[in-house]
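Comments concern the structure below.
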Amino acid sequence: MIENQSPYICHLFVCTNNRGGERTSCADGGSPAFKAAIKQEIADRGWKGRVRVSEAGCLGLCEKGPNIIIYPHKIWFSAVTANDLPEIFQTLEDIMGK
Ligand code: FES
């Protein structure tokens with residue numbers, strides 16, 4: 001095993017878990033589209049290599065989803081809608097400016 005420091009300033013995990021309607025899951029609220037939009041915006045801003053966006057499986061707060069989290073900053077966004085993406089990017093700008 002090799003232990004390393006993260007190469008990223010921060011890492012967004014977008015829960016895209018999809019239970020197909022059997023139980024509430026973040027995909028019900030459109031999280032796969034949020035992930036795609038966030039990835040595109042990261043690329044457009046030239047943040048690739050500094051901000052990583054990854055799909056996550058269930059984060060444990062399914063009823064409050066869609067959930068998007070930023071680590072290592074321990075920031076959780078719940079009940080995310082497309083209208084919230086600018087606020088998420090404002091938070092990222094704050095992080096990147098630090
Ligand atoms: S399905 Fe997203 S937190 Fe459980």
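Chain lettering (A, B, ...) mirrors the order of the structure tokens, residue numbering begins at 1 for each chain separately, and ligand numbering begins at 1 in order of display.
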
Q: Within 8 Å of ligand 1, which residues show up when you count only C-alpha atoms and all ligand atoms? List them as a list in words, please.
A: Cys15, Thr16, Asn17, Asn18, Arg19, Thr24, Ser25, Cys26, Ala27, Ala56, Gly57, Cys58, Leu59, Gly60, Leu61, Cys62, Glu63, Lys64, Gly65, Pro66 and Asn67 of chain A

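Those residues that approach Ile38 (chain A) to within 10 Å, counting only C-alpha atoms, are A:Leu12, A:Val14, A:Pro32, A:Ala33, A:Phe34, A:Lys35, A:Glu41, A:Ile42, A:Ala43, A:Asp44, A:Val53, A:Leu85, A:Pro86, A:Ile88, A:Phe89; same-chain residues fewer than 3 positions away are not listed.
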
For C-alpha atoms, I'd like the residues from the last selection saved as an mmCIF file, in the first residue's frame.
```cif
data_model
loop_
_atom_site.group_PDB
_atom_site.id
_atom_site.type_symbol
_atom_site.label_atom_id
_atom_site.label_comp_id
_atom_site.auth_asym_id
_atom_site.auth_seq_id
_atom_site.Cartn_x
_atom_site.Cartn_y
_atom_site.Cartn_z
ATOM 1 C CA LEU A 12 -17.373 16.495 -4.810
ATOM 2 C CA VAL A 14 -22.727 13.293 -6.082
ATOM 3 C CA PRO A 32 -27.135 12.134 -12.550
ATOM 4 C CA ALA A 33 -27.910 15.291 -14.524
ATOM 5 C CA PHE A 34 -26.487 17.426 -11.697
ATOM 6 C CA LYS A 35 -23.266 15.439 -11.819
ATOM 7 C CA GLU A 41 -18.801 23.595 -15.252
ATOM 8 C CA ILE A 42 -15.613 22.370 -13.564
ATOM 9 C CA ALA A 43 -14.089 21.839 -17.003
ATOM 10 C CA ASP A 44 -15.310 25.222 -18.266
ATOM 11 C CA VAL A 53 -16.328 15.114 -9.220
ATOM 12 C CA LEU A 85 -26.056 24.553 -8.602
ATOM 13 C CA PRO A 86 -24.946 28.224 -8.654
ATOM 14 C CA ILE A 88 -22.717 25.051 -4.889
ATOM 15 C CA PHE A 89 -20.336 26.766 -7.290
#
```

Q: Return as a ChimeraX atom specification the full set of residues in chain A whose backbone-based DSSP assignment is helix (DSSP H, G or I).
A: /A:26-29,31-44,62-64,82-97

Q: Using DSSP on the backbone coordinates, identify all residues within chain A classified as strand (DSSP E); present the result as a list in words.
A: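 Answer for chain A, restricted to strand (DSSP E): Cys10, His11, Leu12, Phe13, Val14, Cys15, Val51, Arg52, Val53, Ser54, Glu55, Ala56, Ile68, Ile69, Ile70, Tyr71, Ile75, Trp76 and Phe77 of chain A.
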
Q | Of the listed residues A:Met1, A:Lys74, A:Gly21, A:Val51, that which approaches Met96 (chain A) most closely, counting only C-alpha atoms | A |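 Of A:Met1, A:Lys74, A:Gly21, A:Val51, the one nearest Met96 (chain A), counting only C-alpha atoms, is A:Val51.
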
Q: Quick one: everything within 10 Å of Glu87 (chain A), counting only C-alpha atoms, minus sequence neighbours fewer than 5 positions away in the same chain. Send it as an MDAnalysis selection string.
A: chainID A and resid 77 92:93

Q. Which residue gives the smallest distance to Ile9 (chain A) among A:Gly29, A:Trp76, A:Trp47, A:Ser54, with only C-alpha atoms counted?
A. A:Trp47

(Q) Just checking: using only C-alpha atoms, which residue out of A:Ala37, A:Cys10, A:Ile95, A:Ile69 ends up closest to Ala82 (chain A)? (A)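 Between A:Ala37, A:Cys10, A:Ile95, A:Ile69, the residue approaching Ala82 (chain A) most closely is A:Ala37.
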
Q: Tell me which of A:Ile68, A:Arg50, A:Phe13, A:Gly20 sits closest to Asp84 (chain A), counting only C-alpha atoms.
A: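 Among A:Ile68, A:Arg50, A:Phe13, A:Gly20, it is A:Ile68 that comes nearest to Asp84 (chain A).
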